[in-house]
$ cat run02.cif   # mmCIF, C-alpha atoms and all ligand atoms
data_my_file
loop_
_atom_site.label_atom_id
_atom_site.label_comp_id
_atom_site.auth_asym_id
_atom_site.auth_seq_id
_atom_site.Cartn_x
_atom_site.Cartn_y
_atom_site.Cartn_z
CA MET A 1 0.49 -15.86 14.19
CA ILE A 2 0.04 -12.25 15.30
CA THR A 3 3.28 -10.80 16.66
CA ILE A 4 3.48 -7.92 19.14
CA LYS A 5 6.45 -5.61 18.60
CA SER A 6 8.55 -4.08 21.35
CA PRO A 7 8.96 -0.28 21.47
CA ARG A 8 12.46 -0.80 20.04
CA GLU A 9 11.15 -2.84 17.14
CA ILE A 10 8.54 -0.17 16.42
CA GLU A 11 11.33 2.44 16.32
CA THR A 12 13.17 0.30 13.78
CA MET A 13 10.04 -0.03 11.65
CA ALA A 14 9.57 3.75 11.92
CA GLU A 15 13.11 4.20 10.59
CA GLY A 16 12.35 1.98 7.59
CA GLY A 17 8.92 3.56 7.29
CA ARG A 18 10.43 7.04 7.10
CA ILE A 19 12.53 5.87 4.16
CA VAL A 20 9.35 4.44 2.58
CA GLY A 21 7.52 7.75 3.07
CA ARG A 22 10.44 9.73 1.67
CA THR A 23 10.67 7.40 -1.32
CA LEU A 24 7.02 8.04 -2.17
CA ALA A 25 7.49 11.79 -1.72
CA LEU A 26 10.55 11.70 -3.98
CA LEU A 27 8.65 9.73 -6.63
CA GLY A 28 5.74 12.17 -6.42
CA GLY A 29 8.13 14.83 -7.72
CA GLU A 30 9.27 12.59 -10.60
CA VAL A 31 5.86 11.55 -11.90
CA ARG A 32 5.29 13.26 -15.23
CA ALA A 33 4.51 12.42 -18.85
CA GLY A 34 7.45 10.75 -20.62
CA VAL A 35 8.90 9.02 -17.53
CA SER A 36 9.01 5.22 -17.60
CA THR A 37 8.07 3.11 -14.60
CA ALA A 38 11.52 1.50 -14.84
CA ALA A 39 13.09 4.95 -14.36
CA LEU A 40 10.99 5.45 -11.22
CA ASP A 41 12.06 2.03 -9.97
CA ARG A 42 15.72 2.92 -10.40
CA ILE A 43 15.29 6.20 -8.52
CA ALA A 44 13.54 4.40 -5.66
CA GLU A 45 16.06 1.57 -5.40
CA ASP A 46 19.04 3.98 -5.43
CA PHE A 47 17.40 6.18 -2.78
CA ILE A 48 16.56 3.25 -0.49
CA ARG A 49 20.04 1.70 -0.79
CA SER A 50 21.65 5.09 -0.04
CA HIS A 51 20.57 4.49 3.60
CA PRO A 52 23.08 2.17 5.28
CA GLY A 53 21.46 -1.18 6.10
CA ALA A 54 18.28 -0.51 4.14
CA ARG A 55 17.12 -2.54 1.17
CA PRO A 56 13.94 -2.81 -0.89
CA SER A 57 11.51 -5.33 0.64
CA PHE A 58 9.86 -6.46 -2.58
CA LYS A 59 12.91 -7.43 -4.66
CA GLY A 60 13.09 -11.21 -4.43
CA LEU A 61 9.95 -11.50 -2.28
CA TYR A 62 8.01 -14.36 -3.90
CA ASP A 63 10.53 -13.84 -6.77
CA TYR A 64 9.14 -10.35 -7.50
CA PRO A 65 11.75 -8.64 -9.74
CA ALA A 66 11.65 -4.96 -8.72
CA THR A 67 11.72 -2.38 -5.91
CA LEU A 68 8.32 -0.87 -6.74
CA CYS A 69 4.96 -2.04 -7.89
CA THR A 70 3.78 0.52 -10.47
CA SER A 71 0.18 0.11 -11.58
CA ILE A 72 -1.36 2.41 -14.19
CA ASN A 73 -5.07 3.28 -14.63
CA HIS A 74 -7.11 0.03 -14.55
CA GLU A 75 -4.12 -1.83 -13.09
CA VAL A 76 -4.90 -2.29 -9.40
CA VAL A 77 -1.61 -3.51 -7.89
CA HIS A 78 1.60 -5.44 -8.65
CA GLY A 79 2.38 -3.80 -12.00
CA ILE A 80 6.04 -4.55 -12.80
CA PRO A 81 8.17 -1.50 -13.67
CA SER A 82 9.21 -1.49 -17.32
CA LYS A 83 11.13 0.72 -19.76
CA ARG A 84 8.22 0.22 -22.13
CA ARG A 85 5.65 1.65 -19.72
CA VAL A 86 5.89 5.41 -20.21
CA LEU A 87 3.54 7.71 -18.29
CA LYS A 88 1.12 9.90 -20.25
CA ASP A 89 -0.77 13.01 -19.16
CA GLY A 90 -4.01 12.02 -17.49
CA ASP A 91 -2.74 8.63 -16.27
CA LEU A 92 -3.31 7.48 -12.70
CA LEU A 93 -0.21 5.80 -11.25
CA SER A 94 -0.27 3.70 -8.07
CA VAL A 95 3.13 3.11 -6.48
CA ASP A 96 3.74 0.55 -3.73
CA VAL A 97 7.08 0.25 -1.92
CA GLY A 98 8.54 -1.57 1.07
CA VAL A 99 11.80 -1.14 2.98
CA TRP A 100 13.66 -3.65 5.15
CA ILE A 101 16.10 -2.46 7.78
CA ASP A 102 17.52 -4.23 10.84
CA GLY A 103 15.33 -7.27 10.27
CA LEU A 104 11.98 -5.51 9.95
CA HIS A 105 9.81 -4.31 7.05
CA ALA A 106 7.61 -1.25 6.45
CA ASP A 107 5.16 -0.91 3.56
CA ALA A 108 3.20 1.94 1.98
CA ALA A 109 1.54 2.96 -1.26
CA ALA A 110 0.28 6.15 -2.85
CA SER A 111 -1.47 6.99 -6.09
CA PHE A 112 -0.67 9.99 -8.26
CA ALA A 113 -2.29 11.77 -11.14
CA VAL A 114 0.17 12.26 -13.98
CA THR A 115 0.44 16.05 -13.88
CA GLU A 116 -3.12 17.26 -14.34
CA ALA A 117 -5.78 15.13 -12.64
CA SER A 118 -9.08 14.78 -14.52
CA PRO A 119 -12.11 15.30 -12.23
CA ASP A 120 -12.67 11.51 -12.25
CA VAL A 121 -9.11 10.75 -11.16
CA ALA A 122 -9.06 13.56 -8.58
CA ARG A 123 -12.23 12.28 -6.91
CA LEU A 124 -11.04 8.66 -6.86
CA LEU A 125 -7.72 9.70 -5.29
CA ALA A 126 -9.44 11.83 -2.66
CA VAL A 127 -11.98 9.15 -1.73
CA THR A 128 -9.34 6.39 -1.52
CA GLN A 129 -7.20 8.56 0.77
CA GLN A 130 -10.26 9.28 2.91
CA ALA A 131 -10.99 5.54 3.05
CA LEU A 132 -7.45 4.88 4.29
CA ALA A 133 -7.77 7.66 6.88
CA ALA A 134 -11.06 6.21 8.10
CA GLY A 135 -9.50 2.76 8.42
CA ILE A 136 -6.52 4.17 10.33
CA GLY A 137 -8.97 5.97 12.62
CA GLU A 138 -10.37 2.60 13.73
CA ALA A 139 -6.93 1.01 14.28
CA ARG A 140 -7.07 1.29 18.05
CA GLU A 141 -6.61 -1.17 20.90
CA GLY A 142 -9.96 -2.70 21.83
CA ASN A 143 -11.31 -2.46 18.28
CA HIS A 144 -11.39 -5.39 15.88
CA VAL A 145 -9.99 -5.86 12.38
CA GLY A 146 -13.60 -5.73 11.12
CA ASP A 147 -13.91 -2.15 12.39
CA ILE A 148 -11.09 -1.10 10.05
CA GLY A 149 -12.56 -2.84 7.01
CA HIS A 150 -16.03 -1.54 7.74
CA ALA A 151 -14.78 2.06 7.94
CA VAL A 152 -12.84 1.73 4.67
CA GLN A 153 -15.81 0.15 2.91
CA GLU A 154 -18.29 2.79 4.13
CA VAL A 155 -16.20 5.62 2.67
CA ALA A 156 -15.49 3.88 -0.66
CA GLU A 157 -18.97 2.50 -1.26
CA GLY A 158 -20.58 5.67 0.11
CA ALA A 159 -18.87 7.51 -2.75
CA GLY A 160 -20.26 5.01 -5.29
CA TYR A 161 -17.02 3.04 -5.70
CA SER A 162 -16.15 -0.55 -4.79
CA VAL A 163 -13.38 -2.15 -2.76
CA VAL A 164 -11.22 -5.01 -4.00
CA ARG A 165 -11.72 -8.19 -1.95
CA GLU A 166 -9.12 -10.61 -3.32
CA MET A 167 -6.25 -8.66 -1.81
CA VAL A 168 -6.08 -7.42 1.76
CA GLY A 169 -3.93 -5.49 4.18
CA HIS A 170 -1.79 -7.47 6.60
CA GLY A 171 0.31 -7.66 9.70
CA ILE A 172 3.94 -6.76 8.98
CA GLY A 173 7.23 -7.09 10.83
CA ALA A 174 10.10 -9.56 10.50
CA SER A 175 8.00 -11.14 7.74
CA PHE A 176 6.51 -8.88 5.10
CA HIS A 177 3.11 -10.54 5.27
CA GLU A 178 2.08 -11.53 8.80
CA ASP A 179 -1.25 -12.19 10.46
CA PRO A 180 -3.81 -10.81 10.73
CA GLN A 181 -5.28 -10.26 7.28
CA VAL A 182 -6.85 -6.79 7.13
CA PRO A 183 -9.64 -6.77 4.53
CA ASN A 184 -11.02 -3.51 3.15
CA TYR A 185 -14.55 -4.63 4.01
CA GLY A 186 -15.99 -6.05 7.20
CA THR A 187 -18.41 -6.03 10.05
CA PRO A 188 -17.88 -3.90 13.17
CA ARG A 189 -16.70 -5.86 16.25
CA ARG A 190 -15.76 -8.89 14.12
CA GLY A 191 -12.34 -10.35 13.42
CA PRO A 192 -9.18 -10.42 15.53
CA ARG A 193 -8.93 -7.89 18.34
CA LEU A 194 -6.36 -5.13 18.00
CA VAL A 195 -3.73 -5.03 20.71
CA ALA A 196 -1.02 -2.42 21.47
CA GLY A 197 2.22 -3.26 19.68
CA MET A 198 0.60 -4.88 16.65
CA THR A 199 1.89 -3.41 13.38
CA ILE A 200 -0.40 -3.63 10.37
CA ALA A 201 -0.47 -2.38 6.80
CA ILE A 202 -3.87 -0.91 5.90
CA GLU A 203 -4.24 -0.66 2.13
CA PRO A 204 -7.53 0.12 0.42
CA MET A 205 -7.68 -0.69 -3.29
CA VAL A 206 -10.72 1.18 -4.64
CA ASN A 207 -12.28 0.71 -8.09
CA VAL A 208 -14.52 3.20 -9.87
CA GLY A 209 -16.57 0.32 -11.26
CA ARG A 210 -17.10 -3.22 -10.11
CA PRO A 211 -14.93 -4.90 -7.44
CA GLU A 212 -13.79 -7.92 -9.50
CA VAL A 213 -10.15 -8.19 -10.55
CA ARG A 214 -8.04 -10.61 -12.57
CA THR A 215 -4.33 -11.29 -12.97
CA LEU A 216 -2.61 -10.82 -16.33
CA GLU A 217 -0.45 -13.46 -18.07
CA ASP A 218 2.68 -11.93 -16.53
CA ARG A 219 1.31 -13.60 -13.33
CA TRP A 220 1.72 -10.33 -11.39
CA THR A 221 -0.30 -7.42 -12.73
CA VAL A 222 -3.77 -7.32 -11.21
CA VAL A 223 -6.35 -5.36 -13.25
CA THR A 224 -10.01 -4.48 -12.82
CA GLU A 225 -12.18 -6.97 -14.68
CA ASP A 226 -14.35 -4.16 -16.10
CA GLY A 227 -11.42 -1.93 -17.08
CA SER A 228 -12.40 0.82 -14.64
CA LEU A 229 -9.83 3.00 -12.86
CA SER A 230 -8.39 1.85 -9.54
CA ALA A 231 -6.41 3.63 -6.80
CA HIS A 232 -4.34 2.32 -3.88
CA PHE A 233 -3.13 4.06 -0.73
CA GLU A 234 -1.40 2.31 2.14
CA HIS A 235 0.30 3.03 5.46
CA THR A 236 1.97 0.79 8.01
CA VAL A 237 0.70 1.71 11.50
CA ALA A 238 1.49 0.62 15.05
CA ILE A 239 -1.45 0.10 17.40
CA GLY A 240 -1.13 2.30 20.50
CA ALA A 241 -1.98 1.59 24.14
CA ASN A 242 -5.24 2.52 25.88
CA GLY A 243 -7.21 3.18 22.72
CA ASP A 244 -4.82 5.93 21.57
CA ALA A 245 -4.65 6.74 17.86
CA PRO A 246 -2.14 4.56 16.01
CA ARG A 247 1.32 5.78 15.06
CA ILE A 248 1.68 6.00 11.29
CA LEU A 249 5.14 4.59 10.58
CA THR A 250 5.41 5.42 6.87
CA LEU A 251 5.29 9.23 6.86
CA PRO A 252 8.24 11.13 5.33
CA ASP A 253 9.04 12.95 8.58
N1 LIG B 301 2.94 -4.23 -1.11
C1 LIG B 301 2.28 -5.45 -1.42
C2 LIG B 301 1.40 -5.78 -0.24
O1 LIG B 301 1.13 -4.94 0.50
C3 LIG B 301 3.25 -6.54 -1.58
C4 LIG B 301 3.92 -6.58 -2.84
S1 LIG B 301 4.46 -8.17 -2.85
C5 LIG B 301 5.59 -8.24 -4.05
O2 LIG B 301 0.97 -6.84 0.00
F1 LIG B 301 5.90 -9.48 -4.14
F2 LIG B 301 5.06 -7.73 -5.10
F3 LIG B 301 6.61 -7.56 -3.69
CO CO B 302 0.97 -4.15 2.01
#
$ encode --input "run02.cif" --output "structure tokens"
Amino acid sequence: MITIKSPREIETMAEGGRIVGRTLALLGGEVRAGVSTAALDRIAEDFIRSHPGARPSFKGLYDYPATLCTSINHEVVHGIPSKRRVLKDGDLLSVDVGVWIDGLHADAAASFAVTEASPDVARLLAVTQQALAAGIGEAREGNHVGDIGHAVQEVAEGAGYSVVREMVGHGIGASFHEDPQVPNYGTPRRGPRLVAGMTIAIEPMVNVGRPEVRTLEDRWTVVTEDGSLSAHFEHTVAIGANGDAPRILTLPD
């Protein structure tokens, strides 16, 4: 079921979303060689809980054990933070985080180069961010979910990369995953129509190589089948009225 949020509910999601955006900004300053993904998780959880009423969305969701998903290099999403996973120069780290406050969730992700980005990593990060921006640009009342996916896919595939199909963006609100599903591929004018007050998470996962992924034996970590690098950027947005641009709810300010 697609839920339409009231202006008040959107303000609440913006409050949680601001904490999400600030968490990612904070982590961006902590990403360096020698830091473990468990250390980043601790920083994020402490920061989120320092806001009265806020808590991490992921901890306990489907029994997930942590505040962040931290996915390195060919890991696409859902990497579990660990003391044994220590960042190295040249790594690509994708961080996904959600915050719950006053009964509503907000969700975002960003990918970082560990200190100095190689040309390959820099281009993948730039293209994946452009793909997200293109998808957000189509998130307008009167458009369809397929317009978002099509825009994301055009940017990613136009750059010679591929988009992951097994995992998709999603509606978000009182439940972390709500309808509609928001694939990172699609056909213009197809799929559910976008209506003012819908809140959706748009989250391209872009692989340098082939689109196929598989899940490791830990039953969480999703990796590219061909071992190629993958990046992930995500924002939660609220669809505006009259075809206006959406409000991005997960910015730091
Ligand atoms: N952020 C992921 C998504 O957008 C959800 C992580 S689910 C968890 O769908 F269980 F890992 F927390
Ligand atoms: Co999401």
$ closest_residue --input "run02.cif" --among "A:Val77, A:Val182, A:Val99, A:Ala196" --to "Ser230 in chain A" --atoms "all atoms listed in the file"
A:Val77
$ closest_atom_pairs --input "run02.cif" --of "chain A" --to "ligand LIG 301 (chain B)" --cutoff "10 Å" --atoms "all atoms listed in the file" --output "JSON lines"
{"residue": "A:Pro56", "atom": "CA", "partner": "B:LIG301", "partner_atom": "F3", "distance": 9.2}
{"residue": "A:Ser57", "atom": "CA", "partner": "B:LIG301", "partner_atom": "F3", "distance": 6.9}
{"residue": "A:Phe58", "atom": "CA", "partner": "B:LIG301", "partner_atom": "F3", "distance": 3.6}
{"residue": "A:Lys59", "atom": "CA", "partner": "B:LIG301", "partner_atom": "F3", "distance": 6.4}
{"residue": "A:Gly60", "atom": "CA", "partner": "B:LIG301", "partner_atom": "F1", "distance": 7.4}
{"residue": "A:Leu61", "atom": "CA", "partner": "B:LIG301", "partner_atom": "F1", "distance": 4.9}
{"residue": "A:Tyr62", "atom": "CA", "partner": "B:LIG301", "partner_atom": "F1", "distance": 5.3}
{"residue": "A:Asp63", "atom": "CA", "partner": "B:LIG301", "partner_atom": "F1", "distance": 6.9}
{"residue": "A:Tyr64", "atom": "CA", "partner": "B:LIG301", "partner_atom": "F1", "distance": 4.7}
{"residue": "A:Pro65", "atom": "CA", "partner": "B:LIG301", "partner_atom": "F3", "distance": 8.0}
{"residue": "A:Ala66", "atom": "CA", "partner": "B:LIG301", "partner_atom": "F3", "distance": 7.6}
{"residue": "A:Thr67", "atom": "CA", "partner": "B:LIG301", "partner_atom": "F3", "distance": 7.6}
{"residue": "A:Leu68", "atom": "CA", "partner": "B:LIG301", "partner_atom": "F3", "distance": 7.5}
{"residue": "A:Cys69", "atom": "CA", "partner": "B:LIG301", "partner_atom": "F2", "distance": 6.3}
{"residue": "A:Thr70", "atom": "CA", "partner": "B:LIG301", "partner_atom": "F2", "distance": 9.9}
{"residue": "A:Val77", "atom": "CA", "partner": "B:LIG301", "partner_atom": "C1", "distance": 7.8}
{"residue": "A:His78", "atom": "CA", "partner": "B:LIG301", "partner_atom": "F2", "distance": 5.5}
{"residue": "A:Gly79", "atom": "CA", "partner": "B:LIG301", "partner_atom": "F2", "distance": 8.4}
{"residue": "A:Ile80", "atom": "CA", "partner": "B:LIG301", "partner_atom": "F2", "distance": 8.4}
{"residue": "A:Val95", "atom": "CA", "partner": "B:LIG301", "partner_atom": "N1", "distance": 9.1}
{"residue": "A:Asp96", "atom": "CA", "partner": "B:LIG301", "partner_atom": "N1", "distance": 5.5}
{"residue": "A:Val97", "atom": "CA", "partner": "B:LIG301", "partner_atom": "N1", "distance": 6.2}
{"residue": "A:Gly98", "atom": "CA", "partner": "B:LIG301", "partner_atom": "N1", "distance": 6.6}
{"residue": "A:Ala106", "atom": "CA", "partner": "B:LIG301", "partner_atom": "N1", "distance": 9.4}
{"residue": "A:Asp107", "atom": "CA", "partner": "B:LIG301", "partner_atom": "N1", "distance": 6.1}
{"residue": "A:Ala108", "atom": "CA", "partner": "B:LIG301", "partner_atom": "N1", "distance": 6.9}
{"residue": "A:Ala109", "atom": "CA", "partner": "B:LIG301", "partner_atom": "N1", "distance": 7.3}
{"residue": "A:Met167", "atom": "CA", "partner": "B:LIG301", "partner_atom": "O2", "distance": 7.7}
{"residue": "A:Val168", "atom": "CA", "partner": "B:LIG301", "partner_atom": "O2", "distance": 7.3}
{"residue": "A:Gly169", "atom": "CA", "partner": "B:LIG301", "partner_atom": "O1", "distance": 6.3}
{"residue": "A:His170", "atom": "CA", "partner": "B:LIG301", "partner_atom": "O2", "distance": 7.2}
{"residue": "A:Gly171", "atom": "CA", "partner": "B:LIG301", "partner_atom": "O1", "distance": 9.6}
{"residue": "A:Ile172", "atom": "CA", "partner": "B:LIG301", "partner_atom": "O1", "distance": 9.1}
{"residue": "A:Phe176", "atom": "CA", "partner": "B:LIG301", "partner_atom": "C3", "distance": 7.8}
{"residue": "A:His177", "atom": "CA", "partner": "B:LIG301", "partner_atom": "O2", "distance": 6.8}
{"residue": "A:Ala201", "atom": "CA", "partner": "B:LIG301", "partner_atom": "O1", "distance": 7.0}
{"residue": "A:Ile202", "atom": "CA", "partner": "B:LIG301", "partner_atom": "O1", "distance": 8.4}
{"residue": "A:Glu203", "atom": "CA", "partner": "B:LIG301", "partner_atom": "O1", "distance": 7.1}
{"residue": "A:Trp220", "atom": "CA", "partner": "B:LIG301", "partner_atom": "F2", "distance": 7.6}
{"residue": "A:Thr221", "atom": "CA", "partner": "B:LIG301", "partner_atom": "F2", "distance": 9.3}
{"residue": "A:Glu234", "atom": "CA", "partner": "B:LIG301", "partner_atom": "O1", "distance": 7.9}
{"residue": "A:His235", "atom": "CA", "partner": "B:LIG301", "partner_atom": "O1", "distance": 9.4}
{"residue": "A:Thr236", "atom": "CA", "partner": "B:LIG301", "partner_atom": "O1", "distance": 9.5}
$ atom_distance --input "run02.cif" --atom1 "CA of Leu251 in chain A" --atom2 "CA of Glu11 in chain A"
13.1 Å
$ atom_distance --input "run02.cif" --atom1 "CA of Asp120 in chain A" --atom2 "CA of Leu24 in chain A"
22.4 Å
$ residues_around --input "run02.cif" --residues "Thr3 in chain A" --least-positions-apart "3" --cutoff "10 Å" --atoms "all atoms listed in the file" --output "ChimeraX atom specification"
/A:6,171-174,178-180,195,197-199
$ closest_residue --input "run02.cif" --among "A:Gly240, A:Pro52, A:Pro204, A:Pro246" --to "ligand CO 302 (chain B)" --atoms "all atoms listed in the file"
A:Pro204
$ atom_distance --input "run02.cif" --atom1 "CA of His144 in chain A" --atom2 "CA of Arg193 in chain A"
4.3 Å
$ residues_around --input "run02.cif" --residues "range 33-46 of chain A" --least-positions-apart "4" --cutoff "7 Å" --atoms "all atoms listed in the file" --output "list in words"
Thr23, Leu27, Ser50, Pro56, Thr67, Leu68, Thr70, Pro81, Ser82, Lys83, Arg84, Arg85, Val86, Leu87, Lys88, Asp89 and Val114 of chain A
$ write_last_selection --input "run02.cif" --atoms "C-alpha atoms" --output "JSON list (two decimals), in the coordinates of the input"
[["chain", "number", "residue", "atom", "x", "y", "z"],
["A", 23, "THR", "CA", 10.67, 7.40, -1.32],
["A", 27, "LEU", "CA", 8.65, 9.73, -6.63],
["A", 50, "SER", "CA", 21.65, 5.09, -0.04],
["A", 56, "PRO", "CA", 13.94, -2.81, -0.89],
["A", 67, "THR", "CA", 11.72, -2.38, -5.91],
["A", 68, "LEU", "CA", 8.32, -0.87, -6.74],
["A", 70, "THR", "CA", 3.78, 0.52, -10.47],
["A", 81, "PRO", "CA", 8.17, -1.50, -13.67],
["A", 82, "SER", "CA", 9.21, -1.49, -17.32],
["A", 83, "LYS", "CA", 11.13, 0.72, -19.76],
["A", 84, "ARG", "CA", 8.22, 0.22, -22.13],
["A", 85, "ARG", "CA", 5.65, 1.65, -19.72],
["A", 86, "VAL", "CA", 5.89, 5.41, -20.21],
["A", 87, "LEU", "CA", 3.54, 7.71, -18.29],
["A", 88, "LYS", "CA", 1.12, 9.90, -20.25],
["A", 89, "ASP", "CA", -0.77, 13.01, -19.16],
["A", 114, "VAL", "CA", 0.17, 12.26, -13.98]]
$ closest_residue --input "run02.cif" --among "A:Val206, A:Val76, A:Ala245, A:Ile239" --to "Pro7 in chain A" --atoms "only C-alpha atoms"
A:Ile239
